[in-house]
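First comes the structure, then the notes that go with it.
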Amino acid sequence: MSRLTFLGTGTSNGIPVIGCTCAVCQSSDPRDNRGRTSAVIQIDGKTILIDTATELRSQALREGLDHVDAVLFTHAHADHTGGFDDLRRFNELQQAKLPIFTGPETATMLNDRFAYAFVDAFSFFGGKPDLILHVVHEQFEAVGVPITPIPVWHGALRVFGYRFGSFAYVTDAGSVPDESIELLRGVDVLVLNALREREHPTHLNVQQAIDVITRVGAREAYLVHLSHELSHAAAEALLPEGIHVAYDGLTIDIADSAGDSQATIGQEQATR
């Protein structure tokens, strides 16, 4: 059994949006309070972080996350890398370098933007991120866990989702090519982005996400990267059976093979 925790489920602005008085930004429903999209999966005894969202520090504190074995990056946009420097705390806690994995385009951008993280500068851990960058093209292993990268298009930018056996996580897709649909076939649980009801040039909208989920044939799916145009309740009302809207702090247990997954709510989320 694997466990996925949604650290953040919002779009690049986060929700509430600064200076916005819309109903979603003013909502009293804690599920409408969405940090930038990121997640952590515990699988085969390892803890793997997907992206370092802007709120990584507060997300980690909320979930009691104090150990990370590896990090996967979907792409290098700021909302998915804004918490990059907080990785140094895991170096300090673990007294070791941390491996990160991503596609070639993202690797180039991370290396340009955070070059200091990939060189030895201090005789101690914690002064900066100390990372080992692995560039992936096809199926690979991260700390012993087999993972298949799923290339999707975020406008003109190639983004990687990731498949872990019967589960896959894809965010910031604007289109999913046929070959990636094939790579996703057979997943039991799929996480996929759905920005809003209206179409968008670089993100799937709700109906497009439903269409992808249907083509893949996933038994259960969770939508992330929602904007403030949709409340949690309004988005749920648009969805067919088996598709849900994720929210910050939601935890789901995923069977290692096809079978029922079970969603649970962490204590922090339930009491907010």
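Each chain in the structure tokens gets a letter, A, B and so on, in the order shown; residues start at 1 in every chain, and ligands are counted from 1 in the order they appear.
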>> Please list as a PyMOL selection string every residue within 9 Å of range 213-225 of chain A, counting only C-alpha atoms and excluding residues in the same chain fewer than 6 positions away.
In response: chain A and resi 6+8-12+34+36-37+171-172+181-195+206+241-247+258-261
Output N, CA and C atoms of each residue in that selection to a file, as a compact mmCIF listing (two decimals), in the first residue's frame.
```txt
# COMPACT_ATOMS: atom_id res chain seq x y z
N PHE A 6 -1.61 15.22 -0.60
CA PHE A 6 -1.63 16.44 -1.40
C PHE A 6 -1.16 17.60 -0.52
N GLY A 8 -0.31 20.66 -1.70
CA GLY A 8 -1.00 21.84 -2.23
C GLY A 8 -1.74 21.46 -3.48
N THR A 9 -2.85 22.16 -3.77
CA THR A 9 -3.70 21.78 -4.90
C THR A 9 -4.13 22.99 -5.72
N GLY A 10 -3.53 24.16 -5.49
CA GLY A 10 -3.96 25.37 -6.17
C GLY A 10 -3.09 25.72 -7.36
N THR A 11 -3.52 26.74 -8.06
CA THR A 11 -2.80 27.21 -9.23
C THR A 11 -1.68 28.17 -8.82
N SER A 12 -1.06 28.82 -9.79
CA SER A 12 0.17 29.57 -9.53
C SER A 12 0.00 30.75 -8.58
N ARG A 34 -6.10 26.91 -1.02
CA ARG A 34 -5.21 26.03 -1.78
C ARG A 34 -3.82 26.64 -1.95
N ARG A 36 0.14 26.26 -3.52
CA ARG A 36 0.64 25.84 -4.83
C ARG A 36 0.81 24.32 -4.88
N THR A 37 0.60 23.75 -6.07
CA THR A 37 0.46 22.30 -6.21
C THR A 37 1.78 21.57 -5.97
N THR A 171 0.48 16.94 -13.58
CA THR A 171 -0.02 18.30 -13.36
C THR A 171 0.49 19.23 -14.44
N ASP A 172 -0.23 20.34 -14.62
CA ASP A 172 0.11 21.40 -15.56
C ASP A 172 0.08 20.95 -17.01
N ILE A 181 -1.04 8.82 -23.21
CA ILE A 181 -2.26 8.10 -22.83
C ILE A 181 -1.95 6.61 -22.71
N GLU A 182 -1.18 6.09 -23.65
CA GLU A 182 -0.83 4.66 -23.62
C GLU A 182 0.02 4.35 -22.39
N LEU A 183 0.94 5.25 -22.02
CA LEU A 183 1.77 5.03 -20.83
C LEU A 183 0.94 5.05 -19.55
N LEU A 184 -0.20 5.72 -19.60
CA LEU A 184 -1.06 5.82 -18.42
C LEU A 184 -2.11 4.71 -18.33
N ARG A 185 -2.32 3.99 -19.42
CA ARG A 185 -3.35 2.95 -19.40
C ARG A 185 -3.03 1.91 -18.32
N GLY A 186 -4.10 1.49 -17.63
CA GLY A 186 -3.93 0.50 -16.59
C GLY A 186 -3.74 1.08 -15.21
N VAL A 187 -3.59 2.42 -15.08
CA VAL A 187 -3.49 2.99 -13.73
C VAL A 187 -4.83 2.87 -13.03
N ASP A 188 -4.78 2.63 -11.76
CA ASP A 188 -5.99 2.54 -10.95
C ASP A 188 -6.42 3.91 -10.47
N VAL A 189 -5.43 4.72 -10.10
CA VAL A 189 -5.67 6.06 -9.57
C VAL A 189 -4.82 7.06 -10.35
N LEU A 190 -5.47 8.12 -10.82
CA LEU A 190 -4.79 9.16 -11.60
C LEU A 190 -5.04 10.52 -10.98
N VAL A 191 -3.96 11.27 -10.74
CA VAL A 191 -4.06 12.68 -10.34
C VAL A 191 -3.79 13.52 -11.58
N LEU A 192 -4.66 14.50 -11.84
CA LEU A 192 -4.56 15.28 -13.07
C LEU A 192 -5.02 16.71 -12.80
N ASN A 193 -4.40 17.66 -13.49
CA ASN A 193 -4.78 19.06 -13.31
C ASN A 193 -6.06 19.40 -14.06
N ALA A 194 -6.81 20.36 -13.50
CA ALA A 194 -8.03 20.88 -14.15
C ALA A 194 -8.22 22.30 -13.64
N LEU A 195 -7.84 23.27 -14.46
CA LEU A 195 -7.74 24.65 -13.99
C LEU A 195 -9.09 25.29 -13.67
N VAL A 206 -11.84 21.49 -16.85
CA VAL A 206 -12.47 20.36 -16.18
C VAL A 206 -12.91 19.30 -17.19
N GLU A 241 -19.08 10.12 -11.32
CA GLU A 241 -18.68 9.22 -10.24
C GLU A 241 -17.25 8.75 -10.46
N GLY A 242 -16.48 8.71 -9.39
CA GLY A 242 -15.11 8.22 -9.46
C GLY A 242 -14.07 9.31 -9.65
N ILE A 243 -14.49 10.53 -9.94
CA ILE A 243 -13.56 11.65 -10.07
C ILE A 243 -13.84 12.63 -8.94
N HIS A 244 -12.80 13.06 -8.25
CA HIS A 244 -12.92 13.89 -7.07
C HIS A 244 -12.03 15.13 -7.21
N VAL A 245 -12.32 16.13 -6.42
CA VAL A 245 -11.45 17.30 -6.32
C VAL A 245 -10.56 17.12 -5.10
N ALA A 246 -9.27 17.13 -5.30
CA ALA A 246 -8.35 17.03 -4.17
C ALA A 246 -8.30 18.36 -3.43
N TYR A 247 -7.79 18.33 -2.22
CA TYR A 247 -7.61 19.55 -1.44
C TYR A 247 -6.38 19.40 -0.56
N ALA A 258 -4.36 -3.10 -8.76
CA ALA A 258 -5.72 -2.59 -8.91
C ALA A 258 -6.59 -2.99 -7.74
N GLY A 259 -7.33 -2.05 -7.21
CA GLY A 259 -8.19 -2.29 -6.06
C GLY A 259 -8.62 -0.98 -5.47
N ASP A 260 -9.34 -1.05 -4.39
CA ASP A 260 -9.88 0.16 -3.80
C ASP A 260 -8.79 0.99 -3.17
N SER A 261 -8.80 2.29 -3.46
CA SER A 261 -8.00 3.24 -2.69
C SER A 261 -8.93 3.90 -1.69
```
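Close contacts of Leu65 in chain A, defined as residues with an atom at most 12 Å away when counting only C-alpha atoms, with chain neighbours fewer than 5 positions off set aside, comprise Thr5, Leu7, Ala39, Val40, Ile41, Gln42, Thr47, Ile48, Leu49, Leu56, Arg57, Ser58, Gln59, Ala60, Leu87, Arg89, Phe90, Leu93 and Gly249 of chain A.
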Taking the DSSP assignment computed from this structure's backbone, write out as an mmCIF file with N, CA and C atoms, in the first residue's frame all residues of range 13-94 of chain A that belong to alpha helix (DSSP H).
```
data_model
loop_
_atom_site.group_PDB
_atom_site.id
_atom_site.type_symbol
_atom_site.label_atom_id
_atom_site.label_comp_id
_atom_site.auth_asym_id
_atom_site.auth_seq_id
_atom_site.Cartn_x
_atom_site.Cartn_y
_atom_site.Cartn_z
ATOM 1 N N LEU A 56 6.378 25.147 0.449
ATOM 2 C CA LEU A 56 6.902 23.868 0.927
ATOM 3 C C LEU A 56 7.136 23.864 2.432
ATOM 4 N N ARG A 57 7.728 24.910 2.971
ATOM 5 C CA ARG A 57 8.018 24.931 4.413
ATOM 6 C C ARG A 57 6.752 24.754 5.231
ATOM 7 N N SER A 58 5.724 25.551 4.936
ATOM 8 C CA SER A 58 4.489 25.467 5.722
ATOM 9 C C SER A 58 3.749 24.156 5.440
ATOM 10 N N GLN A 59 3.832 23.661 4.214
ATOM 11 C CA GLN A 59 3.205 22.378 3.901
ATOM 12 C C GLN A 59 3.872 21.247 4.686
ATOM 13 N N ALA A 60 5.200 21.257 4.745
ATOM 14 C CA ALA A 60 5.929 20.225 5.476
ATOM 15 C C ALA A 60 5.621 20.288 6.969
ATOM 16 N N LEU A 61 5.549 21.493 7.517
ATOM 17 C CA LEU A 61 5.214 21.644 8.934
ATOM 18 C C LEU A 61 3.801 21.140 9.214
ATOM 19 N N ARG A 62 2.874 21.454 8.334
ATOM 20 C CA ARG A 62 1.487 21.029 8.521
ATOM 21 C C ARG A 62 1.363 19.506 8.532
ATOM 22 N N GLU A 63 2.116 18.850 7.658
ATOM 23 C CA GLU A 63 1.998 17.401 7.505
ATOM 24 C C GLU A 63 3.021 16.621 8.332
ATOM 25 N N ALA A 78 7.794 28.733 -11.415
ATOM 26 C CA ALA A 78 8.053 29.218 -10.061
ATOM 27 C C ALA A 78 7.141 28.593 -9.017
ATOM 28 N N ASP A 79 5.870 28.344 -9.368
ATOM 29 C CA ASP A 79 4.958 27.781 -8.364
ATOM 30 C C ASP A 79 5.315 26.338 -8.011
ATOM 31 N N HIS A 80 6.139 25.697 -8.833
ATOM 32 C CA HIS A 80 6.554 24.318 -8.561
ATOM 33 C C HIS A 80 7.985 24.224 -8.043
ATOM 34 N N THR A 81 8.680 25.347 -8.014
ATOM 35 C CA THR A 81 10.069 25.365 -7.528
ATOM 36 C C THR A 81 10.323 26.439 -6.479
ATOM 37 N N LEU A 87 14.735 22.639 0.650
ATOM 38 C CA LEU A 87 15.315 21.300 0.630
ATOM 39 C C LEU A 87 16.560 21.209 1.510
ATOM 40 N N ARG A 88 17.197 22.333 1.752
ATOM 41 C CA ARG A 88 18.426 22.295 2.560
ATOM 42 C C ARG A 88 18.167 21.781 3.965
ATOM 43 N N ARG A 89 16.942 21.986 4.474
ATOM 44 C CA ARG A 89 16.631 21.484 5.817
ATOM 45 C C ARG A 89 16.630 19.960 5.841
ATOM 46 N N PHE A 90 16.204 19.334 4.753
ATOM 47 C CA PHE A 90 16.244 17.873 4.700
ATOM 48 C C PHE A 90 17.681 17.385 4.606
ATOM 49 N N ASN A 91 18.548 18.128 3.898
ATOM 50 C CA ASN A 91 19.972 17.800 3.917
ATOM 51 C C ASN A 91 20.509 17.832 5.344
ATOM 52 N N GLU A 92 20.127 18.866 6.071
ATOM 53 C CA GLU A 92 20.624 19.024 7.439
ATOM 54 C C GLU A 92 20.111 17.911 8.343
ATOM 55 N N LEU A 93 18.822 17.602 8.231
ATOM 56 C CA LEU A 93 18.242 16.551 9.064
ATOM 57 C C LEU A 93 18.846 15.191 8.765
ATOM 58 N N GLN A 94 19.110 14.939 7.489
ATOM 59 C CA GLN A 94 19.553 13.613 7.065
ATOM 60 C C GLN A 94 21.067 13.494 6.948
#
```
> Which distance in Å separates CA of Thr251 in chain A and CA of Thr52 in chain A, to one decimal?
Replying inline: 17.9 Å
> CA of Thr102 in chain A and CA of Pro16 in chain A, how far apart in Å?
Replying inline: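 The value is 29.7 Å.
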>> At a cut-off of 10 Å, using only C-alpha atoms, what residues contact range 141-149 of chain A? Leave out same-chain residues fewer than 4 positions from it and give the result as a VMD selection string.
In response: chain A and resid 43 to 48 69 to 72 74 99 to 103 134 136 to 137 159 to 165 168 to 170 180 183 to 184
> From the set A:Ile15, A:Ala237, A:Leu230, A:Val176, which residue has the shortest atom-to-atom contact distance to Leu204 in chain A, counting only C-alpha atoms?
Replying inline: A:Val176
